[in-house]
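The data block below is my_file-v2.cif; it holds mmCIF, C-alpha atoms (C1' of nucleotides).
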data_my_file
#
loop_
_atom_site.label_atom_id
_atom_site.label_comp_id
_atom_site.auth_asym_id
_atom_site.auth_seq_id
_atom_site.Cartn_x
_atom_site.Cartn_y
_atom_site.Cartn_z
CA MET U 1 -38.56 12.50 30.67
CA GLY U 2 -36.93 13.91 27.59
CA ASP U 3 -38.84 17.06 26.82
CA VAL U 4 -37.84 20.46 28.01
CA ARG U 5 -40.05 23.34 29.07
CA TRP U 6 -38.44 26.23 27.22
CA LEU U 7 -39.30 29.74 28.21
CA ASP U 8 -42.25 31.47 26.63
CA GLU U 9 -42.05 35.07 25.49
CA ARG U 10 -42.99 36.62 28.79
CA GLU U 11 -40.56 34.44 30.69
CA ALA U 12 -37.80 34.99 28.20
CA ALA U 13 -38.23 38.74 28.36
CA ALA U 14 -37.82 38.70 32.10
CA TRP U 15 -34.81 36.42 31.97
CA ARG U 16 -33.10 38.36 29.21
CA GLY U 17 -33.76 41.56 31.05
CA LEU U 18 -32.31 40.29 34.28
CA GLN U 19 -29.20 39.07 32.51
CA ALA U 20 -28.67 42.28 30.61
CA MET U 21 -29.24 44.39 33.69
CA GLN U 22 -26.85 42.36 35.77
CA MET U 23 -24.00 42.37 33.34
CA GLN U 24 -24.18 45.98 32.32
CA LEU U 25 -24.88 47.29 35.78
CA ASN U 26 -22.00 45.47 37.37
CA ALA U 27 -19.62 46.51 34.66
CA THR U 28 -20.62 50.14 34.92
CA LEU U 29 -20.55 50.33 38.70
CA ALA U 30 -17.16 48.68 38.81
CA ARG U 31 -15.78 50.95 36.14
CA GLU U 32 -17.05 54.12 37.76
CA LEU U 33 -15.80 53.09 41.17
CA ALA U 34 -12.38 52.28 39.81
CA GLY U 35 -12.30 55.50 37.85
CA GLU U 36 -13.05 57.67 40.86
CA SER U 37 -11.24 55.93 43.64
CA ASP U 38 -8.39 53.42 43.31
CA LEU U 39 -10.74 50.82 44.76
CA SER U 40 -12.14 47.84 42.93
CA TYR U 41 -15.65 46.75 43.68
CA PRO U 42 -14.47 43.82 45.82
CA ASP U 43 -12.16 46.16 47.71
CA TYR U 44 -15.10 48.38 48.40
CA MET U 45 -17.19 45.53 49.71
CA VAL U 46 -14.47 44.38 52.07
CA LEU U 47 -13.91 47.85 53.43
CA VAL U 48 -17.61 48.36 53.97
CA ALA U 49 -17.86 45.07 55.81
CA LEU U 50 -15.01 46.17 58.05
CA THR U 51 -16.34 49.64 58.74
CA ASP U 52 -19.71 48.15 59.62
CA HIS U 53 -18.04 47.21 62.89
CA PRO U 54 -16.78 49.87 65.27
CA ASP U 55 -13.28 48.50 65.65
CA GLY U 56 -12.80 47.82 61.97
CA ARG U 57 -11.66 44.28 62.75
CA ARG U 58 -13.17 41.11 61.41
CA ARG U 59 -12.17 37.47 61.27
CA PRO U 60 -11.76 36.23 57.71
CA PHE U 61 -14.49 33.66 58.09
CA GLU U 62 -16.84 36.36 59.33
CA LEU U 63 -15.94 38.46 56.34
CA GLY U 64 -16.72 35.54 54.10
CA HIS U 65 -19.99 35.16 55.85
CA ASP U 66 -20.88 38.85 55.56
CA LEU U 67 -20.04 39.00 51.90
CA GLY U 68 -21.10 35.55 50.76
CA TRP U 69 -17.56 34.79 49.68
CA GLU U 70 -15.81 31.51 50.10
CA LYS U 71 -12.82 31.41 52.36
CA SER U 72 -10.22 31.15 49.66
CA ARG U 73 -11.58 34.19 47.92
CA VAL U 74 -11.39 36.10 51.16
CA SER U 75 -7.83 34.98 51.73
CA HIS U 76 -6.66 35.88 48.24
CA HIS U 77 -8.38 39.21 48.22
CA VAL U 78 -7.21 40.20 51.66
CA SER U 79 -3.68 39.41 50.58
CA ARG U 80 -3.99 41.76 47.65
CA MET U 81 -5.43 44.44 49.89
CA VAL U 82 -2.67 43.99 52.46
CA SER U 83 -0.12 44.50 49.74
CA ARG U 84 -1.78 47.81 48.89
CA GLY U 85 -1.94 48.95 52.47
CA LEU U 86 -5.74 49.01 52.77
CA VAL U 87 -5.90 46.43 55.56
CA THR U 88 -3.53 44.44 57.74
CA ARG U 89 -3.64 40.99 59.28
CA ASP U 90 -3.53 40.59 63.05
CA LYS U 91 -3.00 37.57 65.26
CA CYS U 92 -6.05 36.24 67.04
CA PRO U 93 -5.40 35.66 70.74
CA ASN U 94 -8.27 33.25 71.42
CA ASP U 95 -7.90 30.95 68.49
CA GLN U 96 -4.40 30.13 67.32
CA ARG U 97 -5.67 29.12 63.92
CA GLY U 98 -7.33 32.40 63.24
CA SER U 99 -6.50 35.98 62.46
CA PHE U 100 -8.11 39.36 62.14
CA VAL U 101 -8.38 41.59 59.14
CA VAL U 102 -8.03 45.18 60.26
CA ILE U 103 -8.72 48.29 58.24
CA THR U 104 -5.90 50.81 58.08
CA ASP U 105 -6.14 54.57 58.06
CA LYS U 106 -5.48 54.46 54.36
CA GLY U 107 -8.34 52.01 53.99
CA ARG U 108 -10.65 54.27 55.94
CA ALA U 109 -9.68 57.25 53.88
CA ALA U 110 -10.29 55.31 50.69
CA ILE U 111 -13.76 54.12 51.63
CA THR U 112 -14.76 57.51 52.96
CA ALA U 113 -13.74 59.10 49.71
CA ALA U 114 -15.34 56.47 47.53
CA ALA U 115 -18.71 55.97 49.20
CA PRO U 116 -20.53 59.12 48.06
CA GLY U 117 -19.70 58.52 44.42
CA HIS U 118 -20.73 54.92 44.63
CA VAL U 119 -24.08 55.72 46.21
CA ALA U 120 -24.61 58.34 43.55
CA SER U 121 -24.02 55.72 40.86
CA VAL U 122 -26.42 53.30 42.49
CA ARG U 123 -29.03 56.02 42.61
CA ARG U 124 -28.40 57.18 39.10
CA TYR U 125 -28.68 53.79 37.46
CA VAL U 126 -31.08 51.98 39.73
CA ILE U 127 -32.81 53.57 42.66
CA ASP U 128 -33.81 56.88 41.17
CA ARG U 129 -34.98 55.15 38.01
CA LEU U 130 -37.53 52.99 39.75
CA THR U 131 -40.88 53.84 41.27
CA PRO U 132 -41.53 52.89 44.89
CA ALA U 133 -43.70 50.07 43.58
CA GLN U 134 -40.83 48.83 41.46
CA LEU U 135 -38.45 49.01 44.41
CA ASP U 136 -40.77 46.84 46.43
CA ALA U 137 -41.28 44.48 43.54
CA LEU U 138 -37.53 44.14 43.19
CA THR U 139 -37.20 43.33 46.86
CA GLY U 140 -39.91 40.70 46.58
CA ILE U 141 -38.34 39.13 43.52
CA SER U 142 -34.93 39.00 45.16
CA VAL U 143 -36.33 37.42 48.27
CA ALA U 144 -38.08 34.74 46.24
CA VAL U 145 -35.03 33.91 44.16
CA VAL U 146 -32.64 33.91 47.08
CA ALA U 147 -35.01 31.68 48.99
CA ALA U 148 -35.05 29.23 46.09
CA LEU U 149 -31.28 29.20 46.00
CA GLU U 150 -31.01 28.61 49.71
CA GLU U 151 -33.55 25.83 49.70
CA ALA U 152 -31.59 24.07 47.00
CA GLU U 153 -28.41 24.61 48.92
CA ALA U 154 -29.97 23.12 52.03
CA GLU U 155 -31.16 20.06 50.13
CA HIS U 156 -27.73 19.64 48.72
CA GLU U 157 -26.24 19.73 52.21
CA ASP U 158 -28.67 17.05 53.30
CA ARG U 159 -27.88 14.76 50.44
CA VAL U 160 -24.15 15.19 50.26
CA GLY U 161 -22.76 17.77 52.62
CA ARG U 162 -22.86 16.38 56.10
CA ALA U 163 -21.76 12.94 54.97
CA ALA U 164 -18.10 12.32 54.18
CA GLY U 165 -15.34 14.92 53.94
CA ALA U 166 -15.81 18.33 55.49
CA ARG U 167 -16.57 20.91 52.86
CA GLY U 168 -15.83 24.24 54.48
CA ASN U 169 -18.14 26.75 52.88
CA ALA U 170 -19.76 30.06 53.61
CA SER U 171 -22.77 31.76 52.11
CA ALA U 172 -25.08 28.83 52.65
CA GLY U 173 -26.71 29.01 56.03
CA ALA U 174 -28.87 31.67 57.57
CA ASP U 175 -27.62 35.17 58.17
CA PRO U 176 -25.73 35.30 61.45
CA ARG U 177 -26.96 38.78 62.19
CA GLY U 178 -30.56 39.43 63.04
CA ASN U 179 -31.81 40.85 59.78
CA GLY U 180 -30.64 40.06 56.29
CA ALA U 181 -28.83 43.35 56.02
CA GLY U 182 -25.61 42.91 54.12
CA PRO U 183 -22.88 45.52 54.21
CA ASP U 184 -23.28 48.23 51.69
CA ARG U 185 -22.26 51.70 52.74
CA THR U 186 -25.20 53.06 50.87
CA ASN U 187 -27.52 53.83 53.75
CA ARG U 188 -25.38 54.87 56.65
CA SER U 189 -23.04 57.73 57.16
CA GLU U 190 -19.53 56.56 57.73
CA ARG U 191 -18.33 55.72 61.15
CA MET O 1 -22.24 69.92 47.14
CA GLY O 2 -20.98 67.98 50.12
CA ASP O 3 -23.95 66.01 51.36
CA VAL O 4 -24.90 62.61 50.16
CA ARG O 5 -28.34 61.13 49.72
CA TRP O 6 -27.89 57.74 51.35
CA LEU O 7 -30.46 55.07 50.74
CA ASP O 8 -33.47 54.84 52.99
CA GLU O 9 -34.74 51.49 54.23
CA ARG O 10 -36.96 50.72 51.29
CA GLU O 11 -34.24 51.63 48.81
CA ALA O 12 -31.59 49.75 50.70
CA ALA O 13 -33.74 46.63 50.85
CA ALA O 14 -34.15 46.67 47.09
CA TRP O 15 -30.48 47.28 46.47
CA ARG O 16 -29.31 44.64 48.91
CA GLY O 17 -31.75 42.19 47.43
CA LEU O 18 -30.59 42.82 43.91
CA GLN O 19 -26.99 42.36 44.91
CA ALA O 20 -27.60 39.19 46.82
CA MET O 21 -29.71 37.73 44.04
CA GLN O 22 -27.15 38.54 41.41
CA MET O 23 -24.19 37.08 43.18
CA GLN O 24 -25.80 33.92 44.42
CA LEU O 25 -27.73 33.27 41.25
CA ASN O 26 -24.75 33.62 38.99
CA ALA O 27 -22.62 31.46 41.21
CA THR O 28 -25.23 28.73 41.36
CA LEU O 29 -26.03 28.73 37.66
CA ALA O 30 -22.36 28.63 36.76
CA ARG O 31 -21.67 25.84 39.20
CA GLU O 32 -24.58 23.70 38.04
CA LEU O 33 -23.72 24.21 34.41
CA ALA O 34 -20.11 23.29 34.98
CA GLY O 35 -21.13 20.28 37.02
CA GLU O 36 -23.42 18.87 34.36
CA SER O 37 -21.63 19.74 31.16
CA ASP O 38 -17.94 20.61 30.75
CA LEU O 39 -19.06 24.07 29.72
CA SER O 40 -18.51 27.26 31.65
CA TYR O 41 -21.18 29.89 31.61
CA PRO O 42 -19.27 32.05 29.12
CA ASP O 43 -18.74 29.01 26.90
CA TYR O 44 -22.44 28.44 26.96
CA MET O 45 -23.19 32.01 25.98
CA VAL O 46 -20.82 31.90 23.05
CA LEU O 47 -22.23 28.65 21.77
CA VAL O 48 -25.78 29.93 22.06
CA ALA O 49 -24.86 33.07 20.15
CA LEU O 50 -23.39 30.89 17.42
CA THR O 51 -26.29 28.47 17.20
CA ASP O 52 -28.67 31.40 17.00
CA HIS O 53 -27.50 31.62 13.41
CA PRO O 54 -28.20 28.85 10.94
CA ASP O 55 -24.63 28.43 9.77
CA GLY O 56 -23.11 28.60 13.23
CA ARG O 57 -20.64 31.25 12.02
CA ARG O 58 -20.18 34.68 13.48
CA ARG O 59 -17.62 37.43 13.24
CA PRO O 60 -15.93 38.14 16.56
CA PHE O 61 -17.18 41.70 16.62
CA GLU O 62 -20.72 40.45 16.06
CA LEU O 63 -20.26 38.03 18.90
CA GLY O 64 -19.11 40.85 21.10
CA HIS O 65 -22.13 42.81 20.07
CA ASP O 66 -24.54 39.94 20.75
CA LEU O 67 -23.10 39.21 24.13
CA GLY O 68 -22.18 42.69 25.28
CA TRP O 69 -18.53 41.67 25.55
CA GLU O 70 -15.60 43.77 24.60
CA LYS O 71 -13.46 42.62 21.75
CA SER O 72 -10.54 41.49 23.82
CA ARG O 73 -12.74 39.33 25.97
CA VAL O 74 -14.14 37.72 22.86
CA SER O 75 -10.70 37.11 21.49
CA HIS O 76 -9.33 35.57 24.66
CA HIS O 77 -12.35 33.43 25.24
CA VAL O 78 -12.55 32.20 21.68
CA SER O 79 -8.90 31.21 21.90
CA ARG O 80 -9.62 29.07 24.92
CA MET O 81 -12.61 27.50 23.22
CA VAL O 82 -10.59 26.77 20.10
CA SER O 83 -8.04 24.99 22.21
CA ARG O 84 -10.81 22.79 23.59
CA GLY O 85 -12.27 22.05 20.19
CA LEU O 86 -15.62 23.78 20.73
CA VAL O 87 -15.15 26.29 17.92
CA THR O 88 -12.67 27.05 15.17
CA ARG O 89 -11.50 30.24 13.50
CA ASP O 90 -12.01 30.73 9.78
CA LYS O 91 -10.63 33.29 7.38
CA CYS O 92 -13.02 35.96 6.24
CA PRO O 93 -12.97 36.36 2.46
CA ASN O 94 -14.45 39.87 2.29
CA ASP O 95 -12.42 41.56 4.96
CA GLN O 96 -8.80 40.61 5.30
CA ARG O 97 -8.66 41.90 8.86
CA GLY O 98 -11.50 39.75 10.02
CA SER O 99 -12.28 36.17 10.78
CA PHE O 100 -15.19 33.91 11.60
CA VAL O 101 -15.81 31.92 14.71
CA VAL O 102 -17.42 28.64 13.72
CA ILE O 103 -19.04 26.11 16.01
CA THR O 104 -17.73 22.56 15.68
CA ASP O 105 -19.67 19.32 15.96
CA LYS O 106 -18.26 18.93 19.40
CA GLY O 107 -19.51 22.40 20.26
CA ARG O 108 -22.95 21.57 18.96
CA ALA O 109 -23.05 18.37 20.93
CA ALA O 110 -22.01 20.20 24.07
CA ILE O 111 -24.63 22.92 23.82
CA THR O 112 -27.36 20.45 22.91
CA ALA O 113 -26.53 18.38 25.94
CA ALA O 114 -26.23 21.36 28.28
CA ALA O 115 -29.25 23.44 27.32
CA PRO O 116 -32.04 21.44 28.97
CA GLY O 117 -30.29 21.38 32.31
CA HIS O 118 -29.56 25.06 32.16
CA VAL O 119 -33.13 25.99 31.35
CA ALA O 120 -34.26 23.78 34.18
CA SER O 121 -31.97 25.68 36.55
CA VAL O 122 -33.26 29.01 35.33
CA ARG O 123 -36.80 27.82 35.90
CA ARG O 124 -36.05 26.33 39.25
CA TYR O 125 -34.38 29.38 40.74
CA VAL O 126 -36.09 32.20 38.93
CA ILE O 127 -38.93 31.76 36.52
CA ASP O 128 -41.00 29.21 38.36
CA ARG O 129 -40.56 31.12 41.59
CA LEU O 130 -42.12 34.29 40.30
CA THR O 131 -45.71 35.17 39.56
CA PRO O 132 -46.60 36.50 36.13
CA ALA O 133 -46.89 39.94 37.70
CA GLN O 134 -43.39 39.59 39.11
CA LEU O 135 -42.05 38.50 35.75
CA ASP O 136 -43.48 41.58 34.14
CA ALA O 137 -42.20 43.76 36.95
CA LEU O 138 -38.74 42.30 36.50
CA THR O 139 -38.86 43.05 32.80
CA GLY O 140 -39.91 46.62 33.52
CA ILE O 141 -37.20 47.11 36.08
CA SER O 142 -34.55 45.75 33.76
CA VAL O 143 -35.67 47.95 30.94
CA ALA O 144 -35.51 51.03 33.14
CA VAL O 145 -32.06 50.24 34.48
CA VAL O 146 -30.61 49.28 31.13
CA ALA O 147 -32.02 52.46 29.66
CA ALA O 148 -30.32 54.49 32.36
CA LEU O 149 -27.04 52.77 31.67
CA GLU O 150 -27.31 53.36 27.96
CA GLU O 151 -28.19 57.00 28.34
CA ALA O 152 -25.13 57.51 30.48
CA GLU O 153 -23.04 55.66 27.98
CA ALA O 154 -24.34 57.85 25.20
CA GLU O 155 -23.55 61.02 27.15
CA HIS O 156 -20.10 59.74 27.77
CA GLU O 157 -19.61 59.14 24.07
CA ASP O 158 -20.68 62.69 23.38
CA ARG O 159 -18.35 64.20 25.90
CA VAL O 160 -15.29 62.06 25.32
CA GLY O 161 -15.80 59.27 22.86
CA ARG O 162 -15.98 60.77 19.44
CA ALA O 163 -13.15 63.18 20.14
CA ALA O 164 -9.56 61.92 20.14
CA GLY O 165 -8.33 58.34 19.94
CA ALA O 166 -10.57 55.56 18.65
CA ARG O 167 -11.87 53.50 21.51
CA GLY O 168 -13.14 50.31 19.88
CA ASN O 169 -15.96 49.08 22.06
CA ALA O 170 -19.06 46.98 21.86
CA SER O 171 -22.15 46.87 24.02
CA ALA O 172 -22.83 50.56 23.79
CA GLY O 173 -24.92 51.25 20.77
CA ALA O 174 -28.36 50.02 19.87
CA ASP O 175 -29.05 46.36 19.28
CA PRO O 176 -28.10 45.50 15.72
CA ARG O 177 -30.96 43.05 15.42
CA GLY O 178 -34.51 44.25 15.34
CA ASN O 179 -35.60 43.38 18.83
CA GLY O 180 -33.52 43.38 21.97
CA ALA O 181 -33.48 39.61 22.09
CA GLY O 182 -30.12 38.44 23.30
CA PRO O 183 -29.02 34.87 22.77
CA ASP O 184 -30.13 32.54 25.44
CA ARG O 185 -31.07 29.09 24.34
CA THR O 186 -33.84 29.10 26.85
CA ASN O 187 -36.79 29.67 24.60
CA ARG O 188 -36.07 27.90 21.36
CA SER O 189 -35.52 24.31 20.55
CA GLU O 190 -32.09 23.79 19.13
CA ARG O 191 -31.48 24.29 15.50
"C1'" DC T 1 -6.59 10.56 76.85
"C1'" DA T 2 -5.98 9.53 72.07
"C1'" DA T 3 -7.78 8.95 67.58
"C1'" DA T 4 -11.17 11.02 64.56
"C1'" DC T 5 -13.12 14.84 63.01
"C1'" DA T 6 -14.24 19.69 62.14
"C1'" DC T 7 -12.61 24.26 61.41
"C1'" DA T 8 -9.63 28.50 60.11
"C1'" DG T 9 -6.87 29.83 56.90
"C1'" DA T 10 -3.13 29.83 53.15
"C1'" DT T 11 -1.54 28.40 48.69
"C1'" DG T 12 -0.96 26.93 43.70
"C1'" DA T 13 -3.08 26.13 39.48
"C1'" DC T 14 -6.19 27.45 36.30
"C1'" DG T 15 -9.94 29.94 34.01
"C1'" DT T 16 -11.94 34.42 33.49
"C1'" DA T 17 -12.25 39.79 32.73
"C1'" DT T 18 -10.24 44.29 31.83
"C1'" DC T 19 -6.99 47.56 30.20
"C1'" DA T 20 -3.57 49.25 27.35
"C1'" DA T 21 -0.88 48.74 23.56
"C1'" DC T 22 -0.05 47.03 18.93
"C1'" DT T 23 -0.69 45.25 13.88
"C1'" DA T 24 -3.09 45.06 9.85
"C1'" DT T 25 -6.74 46.42 6.99
"C1'" DT T 26 -10.45 49.32 5.29
"C1'" DT T 27 -12.93 53.70 4.76
"C1'" DC T 28 -13.31 58.46 4.47
"C1'" DC T 29 -12.30 62.80 2.82
"C1'" DT T 30 -10.43 66.22 0.23
"C1'" DA K 1 -4.66 59.24 -5.28
"C1'" DG K 2 -3.11 59.56 -0.67
"C1'" DG K 3 -3.00 60.45 4.11
"C1'" DA K 4 -5.95 60.49 8.38
"C1'" DA K 5 -8.96 58.07 10.92
"C1'" DA K 6 -11.86 54.31 11.97
"C1'" DT K 7 -12.27 49.22 12.39
"C1'" DA K 8 -11.04 44.13 13.30
"C1'" DG K 9 -8.56 41.52 15.89
"C1'" DT K 10 -4.49 39.90 18.89
"C1'" DT K 11 -1.48 40.06 22.75
"C1'" DG K 12 0.55 40.76 27.47
"C1'" DA K 13 -0.03 42.31 32.05
"C1'" DT K 14 -2.67 42.22 35.91
"C1'" DA K 15 -6.68 41.50 38.88
"C1'" DC K 16 -10.34 38.46 40.17
"C1'" DG K 17 -12.66 33.73 41.46
"C1'" DT K 18 -12.89 28.85 42.14
"C1'" DC K 19 -11.24 24.40 43.05
"C1'" DA K 20 -8.40 21.14 45.25
"C1'" DT K 21 -5.12 20.57 48.53
"C1'" DC K 22 -2.46 21.33 52.57
"C1'" DT K 23 -1.21 22.80 57.43
"C1'" DG K 24 -2.17 23.63 61.87
"C1'" DT K 25 -5.45 23.96 65.68
"C1'" DG K 26 -9.55 23.11 68.19
"C1'" DT K 27 -13.37 19.81 69.51
"C1'" DT K 28 -15.56 15.25 70.08
"C1'" DT K 29 -16.04 11.04 71.51
"C1'" DG K 30 -14.93 6.07 72.20
#

Rendering of file as structure tokens:
Amino acid sequence: MGDVRWLDEREAAAWRGLQAMQMQLNATLARELAGESDLSYPDYMVLVALTDHPDGRRRPFELGHDLGWEKSRVSHHVSRMVSRGLVTRDKCPNDQRGSFVVITDKGRAAITAAAPGHVASVRRYVIDRLTPAQLDALTGISVAVVAALEEAEAEHEDRVGRAAGARGNASAGADPRGNGAGPDRTNRSER
Amino acid sequence: MGDVRWLDEREAAAWRGLQAMQMQLNATLARELAGESDLSYPDYMVLVALTDHPDGRRRPFELGHDLGWEKSRVSHHVSRMVSRGLVTRDKCPNDQRGSFVVITDKGRAAITAAAPGHVASVRRYVIDRLTPAQLDALTGISVAVVAALEEAEAEHEDRVGRAAGARGNASAGADPRGNGAGPDRTNRSER
DNA sequence: CAAACACAGATGACGTATCAACTATTTCCT
DNA sequence: AGGAAATAGTTGATACGTCATCTGTGTTTG
């Protein structure tokens, strides 16, 4: 059981490429967004998730679900955004434990101003650089990898999760909405 | 100049997929690595970059170059690793400004222990889930996107960079080594 | 119904990443 | 030679992410 299957050249090229693409792409998108808009990338994601719903209100756990963030990340980030006036927290009438995160006018203005530039960046560095065949290939690859990750997560739940000690998590289970469409503000006009 | 080209369904599917894959994959790989090895993902990358060279010594700026990190990130991270005994800093005889980052025995032991598990994770979630055609497609996609990012970076240098104020950076220019092979410790046995 | 449990969320500690200075050398250029 | 500029690296401030822990509230179930 000691020997390892290292990657061959073809495999290594793909893996290196994915890593390089990820790191550089994220860095560039974040930098451009910040440069043009006073919003960080996480800010942007939260605001998009909020504006994906007509009332601009969302429970924190729903937000975590939408974004694949764990609850503590949501809480910390929302706090930072509250302090900058992009969102507020509201009481939840039904559930005394809960709250709502609500987008403010300032938040709406910020996302409306930032979205076009962000979509342009995504096009410039990714979408417009790929052929339709490559776009579809990318979708297929993502689906395969995400499926692998979710299978593993499910196994892990079976072995450990539902036994002792509740482990409040998000991001694991199936998408609560019908399709797998995450928030993005890249394919809809703003509300 | 006011209207925005939002993403159509095919484009949005690819973009959403890429985002989901990136976030979940990184989180899972980092978590598994940390769980099995006392190394964070950045630690792992630094140690691989060091062991990619026979003497296990590397100038910080070279490290930044290898990894696509900016100098301050290298400096901060190396400091943390020094404090945990994974690497040390050495004086550089040629250049009085410079130094060397040197892997310690403890660092070597850690990377040797961690590498097989990490490669297994990469196989489990990515490589073994994709067909050879998908691997090649992924490589092609990465190359296209990275090329776009580097073109933009080059333009930016032209417009702003080489004018006023030195902006010491890494990650921009061409790969200093012959091929584009970044460090990885996924396709070589350890030294 | 009460004890056990699950859930929503906040918080503190810590590691990580970026930016903007800042110091100390080297290199370049005339 | 000598000053300007580029380079190597550090540092401090701040934002971001995760983990473990804690509180309070709902939900189950004996």

Exercise. What is the atom CA of Glu70 of chain O to atom C1' of DC29 of chain T distance in Å?
Worked result: 29.1 Å

Problem set entry | Output check: residues returned by the PyMOL selection byres ((chain T) within 7 of (chain O)), as JSON, numbers by chain | {"T": [17, 24, 25]}

Report as JSON lines the residues of chain O within 8 Å of chain U, each with its shortest atom pair and distance in Å (one decimal), using all atoms listed in the file, ordered by chain and increasing residue number.
{"residue": "O:Val4", "atom": "CA", "partner": "U:Pro116", "partner_atom": "CA", "distance": 6.0}
{"residue": "O:Arg5", "atom": "CA", "partner": "U:Val119", "partner_atom": "CA", "distance": 7.7}
{"residue": "O:Trp6", "atom": "CA", "partner": "U:Asn187", "partner_atom": "CA", "distance": 4.6}
{"residue": "O:Leu7", "atom": "CA", "partner": "U:Asn187", "partner_atom": "CA", "distance": 4.4}
{"residue": "O:Asp8", "atom": "CA", "partner": "U:Asn187", "partner_atom": "CA", "distance": 6.1}
{"residue": "O:Glu9", "atom": "CA", "partner": "U:Asn187", "partner_atom": "CA", "distance": 7.6}
{"residue": "O:Arg10", "atom": "CA", "partner": "U:Leu135", "partner_atom": "CA", "distance": 7.2}
{"residue": "O:Glu11", "atom": "CA", "partner": "U:Ile127", "partner_atom": "CA", "distance": 6.6}
{"residue": "O:Ala12", "atom": "CA", "partner": "U:Asn187", "partner_atom": "CA", "distance": 6.5}
{"residue": "O:Ala13", "atom": "CA", "partner": "U:Thr139", "partner_atom": "CA", "distance": 6.2}
{"residue": "O:Ala14", "atom": "CA", "partner": "U:Thr139", "partner_atom": "CA", "distance": 4.5}
{"residue": "O:Trp15", "atom": "CA", "partner": "U:Ile127", "partner_atom": "CA", "distance": 7.7}
{"residue": "O:Arg16", "atom": "CA", "partner": "U:Gly182", "partner_atom": "CA", "distance": 6.6}
{"residue": "O:Gly17", "atom": "CA", "partner": "U:Ser142", "partner_atom": "CA", "distance": 5.0}
{"residue": "O:Leu18", "atom": "CA", "partner": "U:Ser142", "partner_atom": "CA", "distance": 5.9}
{"residue": "O:Ala20", "atom": "CA", "partner": "U:Val146", "partner_atom": "CA", "distance": 7.3}
{"residue": "O:Met21", "atom": "CA", "partner": "U:Ser142", "partner_atom": "CA", "distance": 5.5}
{"residue": "O:Gln22", "atom": "CA", "partner": "U:Gln22", "partner_atom": "CA", "distance": 6.8}
{"residue": "O:Gln24", "atom": "CA", "partner": "U:Val146", "partner_atom": "CA", "distance": 7.3}
{"residue": "O:Leu25", "atom": "CA", "partner": "U:Leu149", "partner_atom": "CA", "distance": 7.2}
{"residue": "O:Thr28", "atom": "CA", "partner": "U:Leu149", "partner_atom": "CA", "distance": 7.6}
{"residue": "O:Pro116", "atom": "CA", "partner": "U:Val4", "partner_atom": "CA", "distance": 6.0}
{"residue": "O:Val119", "atom": "CA", "partner": "U:Trp6", "partner_atom": "CA", "distance": 6.7}
{"residue": "O:Ala120", "atom": "CA", "partner": "U:Arg5", "partner_atom": "CA", "distance": 7.7}
{"residue": "O:Arg124", "atom": "CA", "partner": "U:Ala148", "partner_atom": "CA", "distance": 7.5}
{"residue": "O:Tyr125", "atom": "CA", "partner": "U:Ala148", "partner_atom": "CA", "distance": 5.4}
{"residue": "O:Val126", "atom": "CA", "partner": "U:Val145", "partner_atom": "CA", "distance": 5.6}
{"residue": "O:Ile127", "atom": "CA", "partner": "U:Glu11", "partner_atom": "CA", "distance": 6.6}
{"residue": "O:Arg129", "atom": "CA", "partner": "U:Ala144", "partner_atom": "CA", "distance": 6.4}
{"residue": "O:Leu130", "atom": "CA", "partner": "U:Ile141", "partner_atom": "CA", "distance": 6.9}
{"residue": "O:Gln134", "atom": "CA", "partner": "U:Ile141", "partner_atom": "CA", "distance": 6.7}
{"residue": "O:Leu135", "atom": "CA", "partner": "U:Ala14", "partner_atom": "CA", "distance": 5.6}
{"residue": "O:Asp136", "atom": "CA", "partner": "U:Ala14", "partner_atom": "CA", "distance": 6.7}
{"residue": "O:Ala137", "atom": "CA", "partner": "U:Ala137", "partner_atom": "CA", "distance": 6.7}
{"residue": "O:Leu138", "atom": "CA", "partner": "U:Ala14", "partner_atom": "CA", "distance": 5.8}
{"residue": "O:Thr139", "atom": "CA", "partner": "U:Ala14", "partner_atom": "CA", "distance": 4.5}
{"residue": "O:Ile141", "atom": "CA", "partner": "U:Gln134", "partner_atom": "CA", "distance": 6.7}
{"residue": "O:Ser142", "atom": "CA", "partner": "U:Gly17", "partner_atom": "CA", "distance": 5.1}
{"residue": "O:Val143", "atom": "CA", "partner": "U:Gly17", "partner_atom": "CA", "distance": 6.7}
{"residue": "O:Ala144", "atom": "CA", "partner": "U:Arg129", "partner_atom": "CA", "distance": 6.4}
{"residue": "O:Val145", "atom": "CA", "partner": "U:Val126", "partner_atom": "CA", "distance": 5.6}
{"residue": "O:Val146", "atom": "CA", "partner": "U:Met21", "partner_atom": "CA", "distance": 5.7}
{"residue": "O:Ala148", "atom": "CA", "partner": "U:Tyr125", "partner_atom": "CA", "distance": 5.4}
{"residue": "O:Leu149", "atom": "CA", "partner": "U:Tyr125", "partner_atom": "CA", "distance": 6.1}
{"residue": "O:Ala181", "atom": "CA", "partner": "U:Arg16", "partner_atom": "CA", "distance": 7.2}
{"residue": "O:Gly182", "atom": "CA", "partner": "U:Arg16", "partner_atom": "CA", "distance": 6.6}
{"residue": "O:Asp184", "atom": "CA", "partner": "U:Arg16", "partner_atom": "CA", "distance": 7.5}
{"residue": "O:Thr186", "atom": "CA", "partner": "U:Trp6", "partner_atom": "CA", "distance": 5.4}
{"residue": "O:Asn187", "atom": "CA", "partner": "U:Leu7", "partner_atom": "CA", "distance": 4.4}
{"residue": "O:Arg188", "atom": "CA", "partner": "U:Trp6", "partner_atom": "CA", "distance": 6.5}
{"residue": "O:Ser189", "atom": "CA", "partner": "U:Trp6", "partner_atom": "CA", "distance": 7.5}
